[in-house]
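K.L.:
Just passing along the structure, written as structure tokens.
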Amino acid sequence: MRRSLGGATTLGEVTKPGDPVTPVNGNRNSAVNISAAKVGLSTASVYPEATPAAFEIAAALGYDGIEVMVWNDPISQDVDQLAKLSDRFGLPILAIHAPCLVITQRVWSPDPWQRLRLAKDAAERLGATTVVVHPPFRWQREYAKGFGPGLAALSDETDVVFAVENMFPLRARGREFIPYAPHWDPTGEGFAHYTLDISHTAVSRSDTLAMAERMGDRLHHVHLGDGTGLGRDEHMVPGRGTQPCGPLLERLAQQGYASSVVVEVSTKRLRDRELREADLAEALAFARLHLATPRDLAEAR
């Protein structure tokens, strides 16, 4: 998926971390740096296809790895099957998304702490560096009460990073309900690591760049999607909504962000595999492009 002009890689192409980039027209002052961040694909992005389809598509399109959304698909819950898929397609598993959704409250265990422990164990066995976790629901009172200290204690047992994800309120008939405790915005709680989900900032009508600033160097993981600020989680292909997806990636690249950016978009309305692959290829190209930032001109000289 790379075009060239006289042997030079151009900015509009899909590049990978560490790829040499030669300035177009031989102008050394236009050189760019390619971020070391890995661009992964969430298995949720291929729904209603199952987990193996994500590995197949990601390998074909040139993604750097996979984030496994652990949910009702049995393969997403099976560490041995996931290891075989990783080996078969030559794709590392970058992250495990713990089963935190309403529909996954009994996946692996009805105990939320046991689900996090099993997510940690899966990440360790699969070589993933990150477990993505949502803030507790309000009705999970005991879990919510001890969430911060419990997560810190669990983190002390492993090198795997637990990255708490920003969520959003629910709205209906002009009223707003916060289903998470203490809040859908976890930045006020001082967690050690965060996942920034851009589709979720659209739903919450938050300032994405300001939230990234609040997360600071504790921002460890990014879910790349887009939205228009409607009252539902749209997970659009980046660039199709109103969120500053490109500016965020450019800012992170300039700051030396070197963790993972995972494409988490919805393709469930697409009729066939070809259309799904086209959207996921577009999302990958968007990420690669905006993770390539101009070098400082003085440095380039």
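Every chain in the structure tokens takes a letter, A first, then B, and so on in the order presented; its residues are numbered from 1, and the ligands are numbered from 1 following the presented order.
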Could you go through region 22-150 of chain A and tell me which residues DSSP, when run on the backbone, assigns to strand (DSSP E), listing them as a PyMOL selection string?
P.N.:
chain A and resi 32-34+38-42+65-69+93-97+130-133
K.L.:
Pick out the residues sitting within 8 Å of region 185-198 of chain A, and hand them over as number ranges by chain; count only C-alpha atoms, and ignore anything fewer than 2 positions along from it in its own chain.
P.N.:
A: 132, 135, 148, 152, 161-168, 183, 200-202, 208, 211-212, 214-215, 218-227, 243, 245
K.L.:
Please identify which residues in region 54-206 of chain A DSSP calls helix (DSSP H, G or I) from the backbone, and express them as a ChimeraX atom specification.
P.N.:
/A:54-61,74-77,79-89,102-104,112-126,141-145,147-155,186-189,198-204
K.L.:
Near region 31-43 of chain A, counting only C-alpha atoms, which residues have an atom at most 6 Å away, once you skip same-chain residues fewer than 2 positions from it, shown as a list in words?
P.N.:
Pro17, Pro23, Arg28, Asn29, Ser45, Val46, Thr51, Ala54, Tyr63, Asp64, Gly65, Ile66, Glu67, Val68, Met69, Ala253, Ala258, Ser259, Ser260, Val261, Val262, Val263, Glu264, Leu291, Ala292, Thr293, Pro294 and Arg295 of chain A
K.L.:
Okay, now the selection with C-alpha atoms, as a CSV table (one decimal), in the first residue's frame?
P.N.:
```csv
chain,number,residue,atom,x,y,z
A,17,PRO,CA,6.9,3.0,12.5
A,23,PRO,CA,11.2,14.2,1.4
A,28,ARG,CA,15.5,18.2,3.2
A,29,ASN,CA,13.6,20.9,5.1
A,45,SER,CA,-14.2,-3.1,14.3
A,46,VAL,CA,-15.2,-6.2,12.3
A,51,THR,CA,-12.6,-12.4,16.1
A,54,ALA,CA,-10.0,-9.1,12.6
A,63,TYR,CA,-1.8,-3.1,10.8
A,64,ASP,CA,0.8,-3.5,13.5
A,65,GLY,CA,-1.3,-5.6,15.8
A,66,ILE,CA,-4.6,-6.4,17.4
A,67,GLU,CA,-6.7,-5.3,20.4
A,68,VAL,CA,-9.0,-8.1,21.5
A,69,MET,CA,-12.4,-7.1,22.7
A,253,ALA,CA,3.5,12.3,17.6
A,258,ALA,CA,5.2,5.7,21.5
A,259,SER,CA,2.4,3.4,22.8
A,260,SER,CA,-0.6,2.1,20.8
A,261,VAL,CA,-3.3,3.8,18.7
A,262,VAL,CA,-6.1,1.3,18.0
A,263,VAL,CA,-8.7,1.7,15.3
A,264,GLU,CA,-12.1,1.1,16.9
A,291,LEU,CA,1.4,10.1,13.0
A,292,ALA,CA,3.9,11.5,10.5
A,293,THR,CA,4.9,15.0,11.7
A,294,PRO,CA,7.3,17.6,10.2
A,295,ARG,CA,10.8,17.7,11.7
```
K.L.:
Please list as a ChimeraX atom specification every residue within 8 Å of Ala98 (chain A), counting only C-alpha atoms and excluding residues in the same chain fewer than 4 positions away.
P.N.:
/A:69-70,115-116,119,131-133
K.L.:
Do you know which residues are at most 10 Å from Trp113 (chain A) counting only C-alpha atoms, after dropping those on the same chain fewer than 2 positions away, and could you put them as number ranges by chain?
P.N.:
A: 109-111, 115-119, 143, 147, 150-151, 154
K.L.:
Using N, CA and C atoms, can you export the residues from the last selection as an mmCIF file, in the first residue's frame?
P.N.:
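Final output, saved to result.cif:
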```cif
data_model
loop_
_atom_site.group_PDB
_atom_site.id
_atom_site.type_symbol
_atom_site.label_atom_id
_atom_site.label_comp_id
_atom_site.auth_asym_id
_atom_site.auth_seq_id
_atom_site.Cartn_x
_atom_site.Cartn_y
_atom_site.Cartn_z
ATOM 1 N N SER A 109 -16.625 -14.344 34.264
ATOM 2 C CA SER A 109 -17.057 -14.430 35.655
ATOM 3 C C SER A 109 -18.046 -13.307 35.939
ATOM 4 N N PRO A 110 -19.020 -13.518 36.845
ATOM 5 C CA PRO A 110 -19.888 -12.416 37.260
ATOM 6 C C PRO A 110 -19.186 -11.436 38.200
ATOM 7 N N ASP A 111 -18.010 -11.812 38.709
ATOM 8 C CA ASP A 111 -17.235 -10.966 39.623
ATOM 9 C C ASP A 111 -16.345 -10.036 38.801
ATOM 10 N N ARG A 115 -12.864 -10.786 36.529
ATOM 11 C CA ARG A 115 -12.730 -10.495 35.102
ATOM 12 C C ARG A 115 -11.444 -9.723 34.822
ATOM 13 N N LEU A 116 -11.106 -8.767 35.705
ATOM 14 C CA LEU A 116 -9.861 -8.028 35.513
ATOM 15 C C LEU A 116 -8.639 -8.907 35.732
ATOM 16 N N ARG A 117 -8.716 -9.807 36.721
ATOM 17 C CA ARG A 117 -7.585 -10.714 36.933
ATOM 18 C C ARG A 117 -7.380 -11.626 35.725
ATOM 19 N N LEU A 118 -8.480 -12.126 35.163
ATOM 20 C CA LEU A 118 -8.376 -12.993 33.989
ATOM 21 C C LEU A 118 -7.892 -12.214 32.770
ATOM 22 N N ALA A 119 -8.290 -10.938 32.660
ATOM 23 C CA ALA A 119 -7.781 -10.099 31.569
ATOM 24 C C ALA A 119 -6.272 -9.904 31.707
ATOM 25 N N TYR A 143 -17.624 -2.796 44.099
ATOM 26 C CA TYR A 143 -16.557 -2.703 43.104
ATOM 27 C C TYR A 143 -16.142 -1.249 42.918
ATOM 28 N N PHE A 147 -12.478 0.617 43.651
ATOM 29 C CA PHE A 147 -11.907 0.493 42.305
ATOM 30 C C PHE A 147 -10.491 1.065 42.226
ATOM 31 N N GLY A 150 -8.015 -0.960 44.422
ATOM 32 C CA GLY A 150 -7.952 -2.332 43.901
ATOM 33 C C GLY A 150 -7.197 -2.411 42.591
ATOM 34 N N LEU A 151 -7.422 -1.427 41.727
ATOM 35 C CA LEU A 151 -6.721 -1.411 40.443
ATOM 36 C C LEU A 151 -5.224 -1.183 40.655
ATOM 37 N N LEU A 154 -3.740 -4.446 41.874
ATOM 38 C CA LEU A 154 -3.635 -5.408 40.779
ATOM 39 C C LEU A 154 -2.479 -5.036 39.857
#
```
K.L.:
Write out as a list in words the residues lying within 10 Å of Ala83 (chain A), counting only C-alpha atoms and excluding same-chain residues fewer than 2 positions away.
P.N.:
Asp78, Val79, Asp80, Gln81, Leu85, Ser86, Asp87, Arg88, Leu91, Pro92, Ile93, Ala122, Arg125, Leu126 and Gly127 of chain A
K.L.:
Have a look at CA of Thr267 (chain A) and CA of Ala281 (chain A) and let me know their distance in Å, one decimal.
P.N.:
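Computed distance, CA of Thr267 (chain A) to CA of Ala281 (chain A), equals 12.0 Å.
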K.L.:
Please, what distance in Å, to one decimal, runs between CA of Ile178 (chain A) and CA of Cys100 (chain A)?
P.N.:
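CA of Cys100 (chain A) lies 15.9 Å from CA of Ile178 (chain A).
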K.L.:
Measure the distance from CA of Pro112 (chain A) to CA of Ala181 (chain A) in Å and round it to one decimal.
P.N.:
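Taking CA of Pro112 (chain A) as the start and CA of Ala181 (chain A) as the end point, the length is 14.1 Å.
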